[in-house]
$ cat target_39.txt   # compact mmCIF, C-alpha atoms
# COMPACT_ATOMS: atom_id res chain seq x y z
CA MET A 16 0.00 0.00 0.00
CA PRO A 17 1.47 3.40 -0.99
CA LEU A 18 2.28 5.84 1.79
CA SER A 19 0.05 8.84 2.34
CA ALA A 20 1.38 12.32 1.69
CA GLU A 21 1.62 12.98 5.43
CA ARG A 22 3.53 9.74 6.01
CA LYS A 23 5.95 10.51 3.18
CA ALA A 24 6.56 14.00 4.55
CA TRP A 25 7.28 12.54 7.98
CA TYR A 26 9.63 9.93 6.49
CA PHE A 27 11.60 12.53 4.53
CA GLU A 28 11.91 14.76 7.59
CA HIS A 29 12.94 11.82 9.78
CA MET A 30 15.65 10.65 7.38
CA ARG A 31 16.91 14.21 6.97
CA GLU A 32 17.13 14.49 10.77
CA LEU A 33 19.08 11.21 10.98
CA MET A 34 21.57 12.32 8.32
CA THR A 35 22.08 15.57 10.20
CA THR A 36 22.35 14.08 13.69
CA TYR A 37 24.58 11.07 13.03
CA THR A 38 28.05 10.85 11.47
CA LYS A 39 28.19 7.07 11.08
CA CYS A 40 25.93 4.41 9.64
CA PHE A 41 25.83 0.84 8.41
CA VAL A 42 24.29 -0.16 5.11
CA VAL A 43 22.59 -3.48 5.87
CA GLN A 44 20.96 -6.12 3.68
CA ILE A 45 17.77 -7.54 5.17
CA ASP A 46 16.84 -10.45 2.91
CA ASN A 47 14.65 -12.99 4.75
CA VAL A 48 14.56 -10.83 7.91
CA GLY A 49 11.05 -10.81 9.40
CA SER A 50 9.29 -7.84 10.96
CA MET A 51 9.48 -9.34 14.47
CA GLN A 52 13.22 -9.91 14.14
CA LEU A 53 13.64 -6.37 12.85
CA GLN A 54 11.67 -5.00 15.78
CA GLN A 55 13.85 -6.94 18.24
CA THR A 56 16.94 -5.46 16.59
CA ARG A 57 15.51 -1.95 17.00
CA MET A 58 14.87 -2.62 20.68
CA SER A 59 18.39 -3.94 21.29
CA LEU A 60 19.86 -0.82 19.64
CA ARG A 61 17.63 1.65 21.46
CA GLY A 62 19.66 4.55 22.79
CA THR A 63 22.75 3.73 20.72
CA ALA A 64 21.55 3.55 17.11
CA GLU A 65 18.48 4.01 14.91
CA VAL A 66 17.34 1.66 12.15
CA LEU A 67 15.81 3.16 9.01
CA MET A 68 14.08 1.07 6.35
CA GLY A 69 12.14 2.18 3.31
CA LYS A 70 11.76 2.03 -0.44
CA ASN A 71 14.98 2.62 -2.33
CA THR A 72 13.37 5.32 -4.46
CA MET A 73 12.28 7.25 -1.37
CA MET A 74 15.68 6.95 0.31
CA ARG A 75 17.51 8.05 -2.84
CA LYS A 76 15.17 11.00 -3.31
CA CYS A 77 15.62 12.07 0.31
CA ILE A 78 19.42 11.90 -0.03
CA ARG A 79 19.29 13.96 -3.25
CA GLU A 80 17.14 16.63 -1.61
CA PHE A 81 19.47 16.69 1.39
CA MET A 82 22.46 17.17 -0.96
CA GLU A 83 20.69 20.07 -2.71
CA GLU A 84 20.43 21.80 0.68
CA ASN A 85 23.93 20.71 1.77
CA PRO A 86 26.05 20.44 -1.41
CA ASP A 87 29.31 20.02 0.54
CA SER A 88 28.08 17.03 2.55
CA PRO A 89 29.82 13.73 1.75
CA ILE A 90 26.73 11.73 2.71
CA GLY A 91 25.62 11.74 -0.92
CA GLN A 92 27.71 8.57 -1.34
CA LEU A 93 24.90 6.65 0.34
CA GLU A 94 22.61 7.17 -2.65
CA GLU A 95 24.47 4.48 -4.63
CA CYS A 96 24.04 2.06 -1.74
CA CYS A 97 20.25 2.08 -2.12
CA ARG A 98 20.17 -1.03 -4.28
CA GLY A 99 18.41 -4.25 -3.36
CA ASN A 100 16.70 -4.99 -0.05
CA VAL A 101 18.71 -2.64 2.15
CA GLY A 102 18.36 -0.24 5.05
CA PHE A 103 20.48 2.07 7.21
CA VAL A 104 21.57 1.86 10.84
CA PHE A 105 22.62 5.34 12.02
CA THR A 106 24.80 5.83 15.09
CA ASN A 107 27.37 8.05 16.79
CA GLY A 108 28.60 5.20 18.97
CA ASP A 109 31.31 2.59 18.57
CA LEU A 110 30.95 0.82 15.24
CA GLY A 111 32.37 -2.41 16.64
CA GLU A 112 29.76 -2.62 19.38
CA ILE A 113 26.90 -1.85 16.99
CA ARG A 114 28.21 -4.47 14.60
CA GLU A 115 28.27 -7.13 17.32
CA CYS A 116 24.69 -6.31 18.22
CA LEU A 117 23.52 -6.54 14.60
CA GLU A 118 25.34 -9.78 13.85
CA SER A 119 24.21 -11.45 17.06
CA ASN A 120 20.53 -10.98 16.25
CA VAL A 121 20.07 -13.97 13.92
CA ARG A 122 17.25 -16.50 13.83
CA PRO A 123 17.14 -20.12 12.61
CA ALA A 124 14.85 -20.66 9.66
CA PRO A 125 13.55 -23.66 7.69
CA ALA A 126 14.53 -24.25 4.08
CA LYS A 127 11.87 -22.78 1.80
CA VAL A 128 11.17 -24.24 -1.62
CA GLY A 129 12.72 -22.12 -4.36
CA SER A 130 14.94 -20.05 -2.05
CA LEU A 131 18.70 -19.86 -2.58
CA ALA A 132 20.68 -21.71 0.07
CA PRO A 133 23.05 -19.33 1.90
CA ALA A 134 25.18 -22.25 3.13
CA ASN A 135 25.80 -25.95 2.60
CA VAL A 136 23.35 -28.24 4.39
CA ILE A 137 24.74 -31.53 5.68
CA VAL A 138 22.32 -33.99 7.26
CA PRO A 139 24.09 -36.16 9.86
CA LYS A 140 23.82 -39.91 9.79
CA GLY A 141 21.66 -41.71 12.34
CA PRO A 142 18.04 -42.58 13.02
CA THR A 143 15.50 -40.35 11.33
CA GLY A 144 12.29 -41.29 13.15
CA CYS A 145 10.64 -42.09 9.80
CA ASP A 146 8.86 -45.40 9.33
CA PRO A 147 10.13 -47.94 6.75
CA GLY A 148 7.29 -47.05 4.39
CA GLN A 149 9.11 -43.79 3.52
CA THR A 150 12.24 -45.50 2.21
CA ALA A 151 11.44 -44.48 -1.39
CA PHE A 152 11.50 -40.85 -0.32
CA PHE A 153 15.14 -41.17 0.76
CA GLN A 154 16.02 -43.13 -2.37
CA THR A 155 14.72 -40.27 -4.50
CA LEU A 156 17.28 -38.02 -2.84
CA GLN A 157 19.98 -40.70 -3.30
CA ILE A 158 20.48 -41.09 0.44
CA SER A 159 21.69 -44.51 1.61
CA THR A 160 19.63 -45.92 4.46
CA LYS A 161 18.92 -49.05 6.45
CA ILE A 162 16.10 -50.17 8.69
CA THR A 163 16.96 -50.26 12.39
CA ARG A 164 14.47 -50.96 15.18
CA GLY A 165 11.49 -50.20 12.98
CA GLN A 166 12.71 -46.88 11.61
CA ILE A 167 14.84 -45.57 8.77
CA GLU A 168 18.45 -44.83 9.66
CA MET A 169 20.83 -42.84 7.45
CA THR A 170 24.14 -44.65 7.12
CA ASN A 171 26.30 -41.67 6.08
CA ASP A 172 26.46 -37.92 6.54
CA THR A 173 24.83 -36.45 3.43
CA GLN A 174 25.34 -33.05 1.85
CA LEU A 175 21.76 -32.37 0.93
CA ILE A 176 22.03 -28.81 -0.38
CA THR A 177 24.95 -26.84 -1.78
CA ALA A 178 25.32 -23.14 -1.03
CA GLY A 179 23.86 -21.05 -3.86
CA ASP A 180 21.53 -23.77 -5.14
CA LYS A 181 17.76 -23.49 -5.09
CA VAL A 182 16.01 -25.59 -2.47
CA THR A 183 13.81 -28.26 -4.06
CA ALA A 184 10.50 -29.48 -2.70
CA SER A 185 11.98 -32.88 -1.77
CA GLN A 186 14.88 -31.31 0.10
CA ALA A 187 12.60 -28.97 2.01
CA ALA A 188 10.22 -31.83 2.85
CA LEU A 189 13.04 -34.02 4.18
CA LEU A 190 14.42 -31.27 6.38
CA GLN A 191 10.95 -30.62 7.71
CA LYS A 192 10.45 -34.34 8.49
CA LEU A 193 13.76 -34.37 10.39
CA GLY A 194 12.94 -31.13 12.23
CA ILE A 195 16.04 -29.39 10.88
CA GLU A 196 16.14 -25.62 10.42
CA PRO A 197 19.41 -25.34 8.50
CA PHE A 198 19.64 -21.64 7.81
CA THR A 199 20.07 -18.55 9.94
CA TYR A 200 19.01 -15.11 8.80
CA GLY A 201 19.83 -11.67 10.07
CA MET A 202 21.08 -8.30 8.92
CA VAL A 203 24.10 -8.59 6.64
CA LEU A 204 26.53 -5.66 6.84
CA ARG A 205 27.41 -4.43 3.36
CA SER A 206 29.08 -1.05 3.82
CA VAL A 207 30.07 1.40 6.53
CA TYR A 208 29.87 5.19 6.39
CA ASP A 209 32.01 7.04 8.89
CA SER A 210 32.55 10.81 8.91
CA GLY A 211 32.51 11.15 5.12
CA SER A 212 34.24 7.88 4.23
CA LEU A 213 32.40 4.90 2.75
CA PHE A 214 34.09 1.51 2.91
CA ASP A 215 33.37 -2.21 2.93
CA ALA A 216 32.18 -3.63 6.24
CA LYS A 217 35.04 -6.17 6.17
CA VAL A 218 37.39 -3.33 7.15
CA LEU A 219 35.97 -3.61 10.68
CA ASP A 220 37.66 -7.02 10.95
CA ILE A 221 40.95 -5.14 11.20
CA THR A 222 41.51 -4.82 14.95
CA ASP A 223 44.21 -2.87 16.80
CA ASP A 224 46.16 -6.10 17.28
CA VAL A 225 46.12 -6.77 13.54
CA LEU A 226 47.31 -3.23 12.81
CA MET A 227 50.09 -3.53 15.39
CA THR A 228 51.27 -6.85 13.94
CA LYS A 229 51.34 -5.42 10.40
CA PHE A 230 53.13 -2.27 11.59
CA ILE A 231 55.83 -4.23 13.41
CA ALA A 232 56.33 -6.50 10.40
CA ALA A 233 56.75 -3.45 8.15
CA LEU A 234 59.26 -1.89 10.55
CA ASN A 235 61.28 -5.10 10.61
CA THR A 236 61.35 -5.19 6.80
CA ILE A 237 62.48 -1.56 6.58
CA SER A 238 65.20 -2.07 9.18
CA LYS A 239 66.55 -5.16 7.35
CA LEU A 240 66.69 -3.27 4.05
CA SER A 241 68.35 -0.29 5.70
CA LEU A 242 71.03 -2.44 7.30
CA ALA A 243 71.67 -4.36 4.07
CA LEU A 244 72.00 -1.12 2.07
CA ASN A 245 74.01 0.59 4.83
CA MET A 246 71.45 3.39 4.77
CA PRO A 247 70.52 4.55 8.31
CA THR A 248 66.80 5.15 8.97
CA ASP A 249 64.64 5.63 12.06
CA ALA A 250 63.68 1.97 11.85
CA SER A 251 67.29 0.70 11.77
CA VAL A 252 69.01 3.15 14.11
CA THR A 253 68.56 0.93 17.19
CA HIS A 254 70.11 -2.01 15.33
CA SER A 255 72.98 0.21 14.13
CA VAL A 256 73.68 1.38 17.68
CA ALA A 257 73.55 -2.22 18.95
CA ASN A 258 75.92 -3.41 16.23
CA ALA A 259 78.31 -0.52 16.96
CA PHE A 260 78.28 -1.41 20.66
CA LYS A 261 79.09 -5.05 19.85
CA ALA A 262 82.02 -3.96 17.67
CA ILE A 263 83.43 -1.64 20.37
CA LEU A 264 82.91 -4.28 23.04
CA SER A 265 84.72 -6.98 21.04
CA VAL A 266 87.76 -4.68 20.65
CA THR A 267 87.70 -3.57 24.31
CA ILE A 268 87.64 -7.15 25.60
CA GLU A 269 90.95 -7.81 23.82
CA LEU A 270 92.62 -4.73 25.37
CA GLU A 271 94.23 -5.08 28.79
CA ASN A 272 94.78 -1.36 29.48
CA TYR A 273 91.46 0.04 28.32
CA THR A 274 87.83 -0.44 29.31
CA PHE A 275 84.59 1.49 29.90
CA ASP A 276 81.68 1.11 32.28
CA LYS A 277 79.41 -0.97 30.04
CA ALA A 278 82.26 -3.28 29.08
CA ASP A 279 83.36 -4.06 32.66
CA VAL A 280 80.48 -6.48 33.20
CA TYR A 281 81.45 -8.55 30.17
CA LYS A 282 85.19 -8.49 30.97
CA THR A 283 84.51 -9.60 34.54
CA PHE A 284 82.28 -12.44 33.34
CA LEU A 285 84.85 -13.68 30.81
CA ALA A 286 87.64 -13.45 33.36
CA SER A 287 85.73 -15.74 35.73
CA GLN A 288 85.32 -18.48 33.12

$ encode --input "target_39.txt" --output "structure tokens"
Amino acid sequence: MPLSAERKAWYFEHMRELMTTYTKCFVVQIDNVGSMQLQQTRMSLRGTAEVLMGKNTMMRKCIREFMEENPDSPIGQLEECCRGNVGFVFTNGDLGEIRECLESNVRPAPAKVGSLAPANVIVPKGPTGCDPGQTAFFQTLQISTKITRGQIEMTNDTQLITAGDKVTASQAALLQKLGIEPFTYGMVLRSVYDSGSLFDAKVLDITDDVLMTKFIAALNTISKLSLALNMPTDASVTHSVANAFKAILSVTIELENYTFDKADVYKTFLASQ
């Protein structure tokens, strides 16, 4: 049902207020996310973030109008993100914490006929609870079985569905018979907008520890190159000083009439051996 003029006006004003108030947002994909699950996500984010959903045409129009009033704003990048079944999660808080909240709100779901499988589905071997009269059903799916204690038992783990394939009626029926809900659905983070920069959500996987490890590895590489080329740099100066000390110490140890404070410890140790 199309929105009334009053509802559209409110929506445009609300989105304009969100774009003005917040400097960060997630672009999220909400395929197969139900209204109840979406409402629970809103409740868990209350006070820290706001979820905005709507028609892509409305969101793009609102962003364009906002850019006409604020031509220097970088938020116009979000217009290209309004493709597919998407929404926005606006916040001024920590992106990592908001991400954890969004990704934790997932729900198990049955396999629906005709839907694309988001992951492989492997049915474990063992008793199925189905009576022997349903053996032909398993044979249709090329699943090896045997009869044990009056019920059908699968003899091997079976990959029933491959990720990306459409779920068939037989596959969906089998999973329903076994009481298996193989899929989980929730908001999928596509992009992140932060203070004028738009980047892939995978960037948030880069933690401080990862950055520190990469930085140290780069420093080690620079220091090795500097030492090999005999070209002093900030990264290699500590190694150069250490190497110079070793050279002076090796000469001092061989001299009987000369020493210095730092060398006395080593000369005393060697003398005691």

$ residues_around --input "target_39.txt" --residues "Asn135 (chain A)" --least-positions-apart "6" --cutoff "6 Å" --atoms "only C-alpha atoms" --output "PyMOL selection string"
chain A and resi 176-178

$ atom_distance --input "target_39.txt" --atom1 "CA of Met68 (chain A)" --atom2 "CA of Ser88 (chain A)"
21.6 Å

$ residues_around --input "target_39.txt" --residues "Thr160 (chain A)" --least-positions-apart "2" --cutoff "9 Å" --atoms "only C-alpha atoms" --output "ChimeraX atom specification"
/A:150,153-154,158,162,167-171

$ residues_around --input "target_39.txt" --residues "Pro247 (chain A)" --least-positions-apart "6" --cutoff "12 Å" --atoms "only C-alpha atoms" --output "tab-separated table (two decimals) with C-alpha atoms, keeping the file's coordinate frame"
chain	number	residue	atom	x	y	z
A	237	ILE	CA	62.48	-1.56	6.58
A	238	SER	CA	65.20	-2.07	9.18
A	239	LYS	CA	66.55	-5.16	7.35
A	240	LEU	CA	66.69	-3.27	4.05
A	241	SER	CA	68.35	-0.29	5.70
A	253	THR	CA	68.56	0.93	17.19
A	254	HIS	CA	70.11	-2.01	15.33
A	255	SER	CA	72.98	0.21	14.13
A	256	VAL	CA	73.68	1.38	17.68

$ atom_distance --input "target_39.txt" --atom1 "CA of Tyr200 (chain A)" --atom2 "CA of Arg122 (chain A)"
5.5 Å

$ residues_around --input "target_39.txt" --residues "Tyr37 (chain A)" --least-positions-apart "3" --cutoff "10 Å" --atoms "all atoms listed in the file" --output "VMD selection string"
chain A and resid 32 to 34 40 64 to 65 104 to 108 209 to 210

$ closest_residue --input "target_39.txt" --among "A:Asp249, A:Thr38, A:Ile113, A:Leu213" --to "Glu95 (chain A)" --atoms "only C-alpha atoms"
A:Leu213

$ residues_near_point --input "target_39.txt" --point "(13.3, -19.5, -2.0)" --cutoff "8 Å" --atoms "all atoms listed in the file" --output "list of chain:residue names"
A:Ala126, A:Lys127, A:Val128, A:Gly129, A:Ser130, A:Leu131, A:Ala132, A:Lys181, A:Val182

$ residues_near_point --input "target_39.txt" --point "(9.4, -36.7, 7.8)" --cutoff "10 Å" --atoms "only C-alpha atoms" --output "PDB file with C-alpha atoms, in the frame of the given file"
ATOM      1  CA  THR A 143      15.500 -40.350  11.330  1.00  0.00           C
ATOM      2  CA  GLY A 144      12.290 -41.290  13.150  1.00  0.00           C
ATOM      3  CA  CYS A 145      10.640 -42.090   9.800  1.00  0.00           C
ATOM      4  CA  ASP A 146       8.860 -45.400   9.330  1.00  0.00           C
ATOM      5  CA  GLN A 149       9.110 -43.790   3.520  1.00  0.00           C
ATOM      6  CA  PHE A 152      11.500 -40.850  -0.320  1.00  0.00           C
ATOM      7  CA  ALA A 188      10.220 -31.830   2.850  1.00  0.00           C
ATOM      8  CA  LEU A 189      13.040 -34.020   4.180  1.00  0.00           C
ATOM      9  CA  LEU A 190      14.420 -31.270   6.380  1.00  0.00           C
ATOM     10  CA  GLN A 191      10.950 -30.620   7.710  1.00  0.00           C
ATOM     11  CA  LYS A 192      10.450 -34.340   8.490  1.00  0.00           C
ATOM     12  CA  LEU A 193      13.760 -34.370  10.390  1.00  0.00           C
ATOM     13  CA  GLY A 194      12.940 -31.130  12.230  1.00  0.00           C
TER      14      GLY A 194
END

$ closest_residue --input "target_39.txt" --among "A:Gln174, A:Gln55, A:Asn258, A:Gln92" --to "Val121 (chain A)" --atoms "only C-alpha atoms"
A:Gln55

$ closest_residue --input "target_39.txt" --among "A:Val280, A:Ile195, A:Val218, A:Ala24" --to "Leu110 (chain A)" --atoms "only C-alpha atoms"
A:Val218

$ atom_distance --input "target_39.txt" --atom1 "CA of Gly62 (chain A)" --atom2 "CA of Val207 (chain A)"
19.6 Å

$ closest_residue --input "target_39.txt" --among "A:Ile263, A:Leu67, A:Ala124, A:Leu270" --to "His29 (chain A)" --atoms "all atoms listed in the file"
A:Leu67

$ closest_residue --input "target_39.txt" --among "A:Ser265, A:Gln288, A:Ser212, A:Thr173" --to "Phe41 (chain A)" --atoms "only C-alpha atoms"
A:Ser212

$ residues_around --input "target_39.txt" --residues "Ser59 (chain A)" --least-positions-apart "4" --cutoff "9 Å" --atoms "only C-alpha atoms" --output "list in words"
Gln54, Gln55, Thr63, Cys116, Leu117 and Asn120 of chain A

$ closest_residue --input "target_39.txt" --among "A:Leu175, A:Leu53, A:Val203, A:Leu60" --to "Asp215 (chain A)" --atoms "all atoms listed in the file"
A:Val203

$ decode --input "target_39.txt" --residues "region 174-204 of chain A" --atoms "N, CA, C and O atoms" --output "compact mmCIF listing (two decimals), in the first residue's frame"
# COMPACT_ATOMS: atom_id res chain seq x y z
N GLN A 174 25.48 -34.46 2.21
CA GLN A 174 25.34 -33.05 1.85
C GLN A 174 24.10 -32.93 0.99
O GLN A 174 24.09 -33.27 -0.20
N LEU A 175 23.05 -32.42 1.59
CA LEU A 175 21.76 -32.37 0.93
C LEU A 175 21.64 -31.19 -0.01
O LEU A 175 21.07 -31.29 -1.10
N ILE A 176 22.16 -30.03 0.41
CA ILE A 176 22.03 -28.81 -0.38
C ILE A 176 23.40 -28.12 -0.44
O ILE A 176 24.13 -28.08 0.56
N THR A 177 23.72 -27.59 -1.60
CA THR A 177 24.95 -26.84 -1.78
C THR A 177 24.65 -25.35 -1.76
O THR A 177 23.63 -24.92 -2.31
N ALA A 178 25.51 -24.59 -1.12
CA ALA A 178 25.32 -23.14 -1.03
C ALA A 178 25.15 -22.54 -2.42
O ALA A 178 25.92 -22.83 -3.34
N GLY A 179 24.13 -21.70 -2.58
CA GLY A 179 23.86 -21.05 -3.86
C GLY A 179 22.83 -21.76 -4.71
O GLY A 179 22.32 -21.17 -5.67
N ASP A 180 22.53 -23.02 -4.38
CA ASP A 180 21.53 -23.77 -5.14
C ASP A 180 20.12 -23.46 -4.62
O ASP A 180 19.94 -23.11 -3.46
N LYS A 181 19.15 -23.66 -5.50
CA LYS A 181 17.76 -23.49 -5.09
C LYS A 181 17.29 -24.72 -4.32
O LYS A 181 17.63 -25.85 -4.67
N VAL A 182 16.53 -24.49 -3.28
CA VAL A 182 16.01 -25.59 -2.47
C VAL A 182 14.83 -26.23 -3.20
O VAL A 182 13.89 -25.53 -3.61
N THR A 183 14.90 -27.55 -3.38
CA THR A 183 13.81 -28.26 -4.06
C THR A 183 12.74 -28.66 -3.05
O THR A 183 12.97 -28.63 -1.83
N ALA A 184 11.60 -29.07 -3.57
CA ALA A 184 10.50 -29.48 -2.70
C ALA A 184 10.87 -30.71 -1.87
O ALA A 184 10.54 -30.80 -0.69
N SER A 185 11.58 -31.67 -2.49
CA SER A 185 11.98 -32.88 -1.77
C SER A 185 12.95 -32.57 -0.66
O SER A 185 12.85 -33.11 0.45
N GLN A 186 13.89 -31.69 -0.92
CA GLN A 186 14.88 -31.31 0.10
C GLN A 186 14.20 -30.62 1.27
O GLN A 186 14.48 -30.93 2.44
N ALA A 187 13.31 -29.69 0.96
CA ALA A 187 12.60 -28.97 2.01
C ALA A 187 11.73 -29.91 2.83
O ALA A 187 11.66 -29.81 4.06
N ALA A 188 11.08 -30.88 2.14
CA ALA A 188 10.22 -31.83 2.85
C ALA A 188 11.03 -32.71 3.79
O ALA A 188 10.60 -32.99 4.92
N LEU A 189 12.20 -33.17 3.33
CA LEU A 189 13.04 -34.02 4.18
C LEU A 189 13.50 -33.27 5.42
O LEU A 189 13.44 -33.80 6.54
N LEU A 190 13.96 -32.05 5.24
CA LEU A 190 14.42 -31.27 6.38
C LEU A 190 13.29 -31.01 7.37
O LEU A 190 13.49 -31.01 8.59
N GLN A 191 12.09 -30.82 6.83
CA GLN A 191 10.95 -30.62 7.71
C GLN A 191 10.63 -31.90 8.49
O GLN A 191 10.32 -31.85 9.68
N LYS A 192 10.71 -33.07 7.81
CA LYS A 192 10.45 -34.34 8.49
C LYS A 192 11.45 -34.57 9.63
O LYS A 192 11.11 -35.10 10.69
N LEU A 193 12.71 -34.16 9.40
CA LEU A 193 13.76 -34.37 10.39
C LEU A 193 13.80 -33.26 11.44
O LEU A 193 14.60 -33.32 12.38
N GLY A 194 12.97 -32.23 11.26
CA GLY A 194 12.94 -31.13 12.23
C GLY A 194 14.19 -30.28 12.20
O GLY A 194 14.61 -29.74 13.23
N ILE A 195 14.79 -30.15 11.02
CA ILE A 195 16.04 -29.39 10.88
C ILE A 195 15.74 -28.02 10.28
O ILE A 195 15.10 -27.92 9.23
N GLU A 196 16.19 -26.98 10.96
CA GLU A 196 16.14 -25.62 10.42
C GLU A 196 17.58 -25.22 10.08
O GLU A 196 18.33 -24.77 10.95
N PRO A 197 17.98 -25.41 8.84
CA PRO A 197 19.41 -25.34 8.50
C PRO A 197 19.99 -23.94 8.34
O PRO A 197 21.20 -23.77 8.39
N PHE A 198 19.14 -22.96 8.13
CA PHE A 198 19.64 -21.64 7.81
C PHE A 198 19.43 -20.66 8.96
O PHE A 198 18.53 -20.84 9.79
N THR A 199 20.26 -19.65 9.00
CA THR A 199 20.07 -18.55 9.94
C THR A 199 20.06 -17.25 9.16
O THR A 199 20.86 -17.07 8.22
N TYR A 200 19.14 -16.38 9.51
CA TYR A 200 19.01 -15.11 8.80
C TYR A 200 19.11 -13.94 9.77
O TYR A 200 18.64 -14.02 10.91
N GLY A 201 19.71 -12.89 9.29
CA GLY A 201 19.83 -11.67 10.07
C GLY A 201 20.33 -10.57 9.15
O GLY A 201 20.50 -10.76 7.94
N MET A 202 20.55 -9.41 9.71
CA MET A 202 21.08 -8.30 8.92
C MET A 202 22.50 -8.60 8.47
O MET A 202 23.34 -9.02 9.28
N VAL A 203 22.77 -8.39 7.19
CA VAL A 203 24.10 -8.59 6.64
C VAL A 203 24.73 -7.22 6.38
O VAL A 203 24.16 -6.40 5.65
N LEU A 204 25.88 -6.96 6.98
CA LEU A 204 26.53 -5.66 6.84
C LEU A 204 27.21 -5.58 5.48
O LEU A 204 28.06 -6.42 5.15
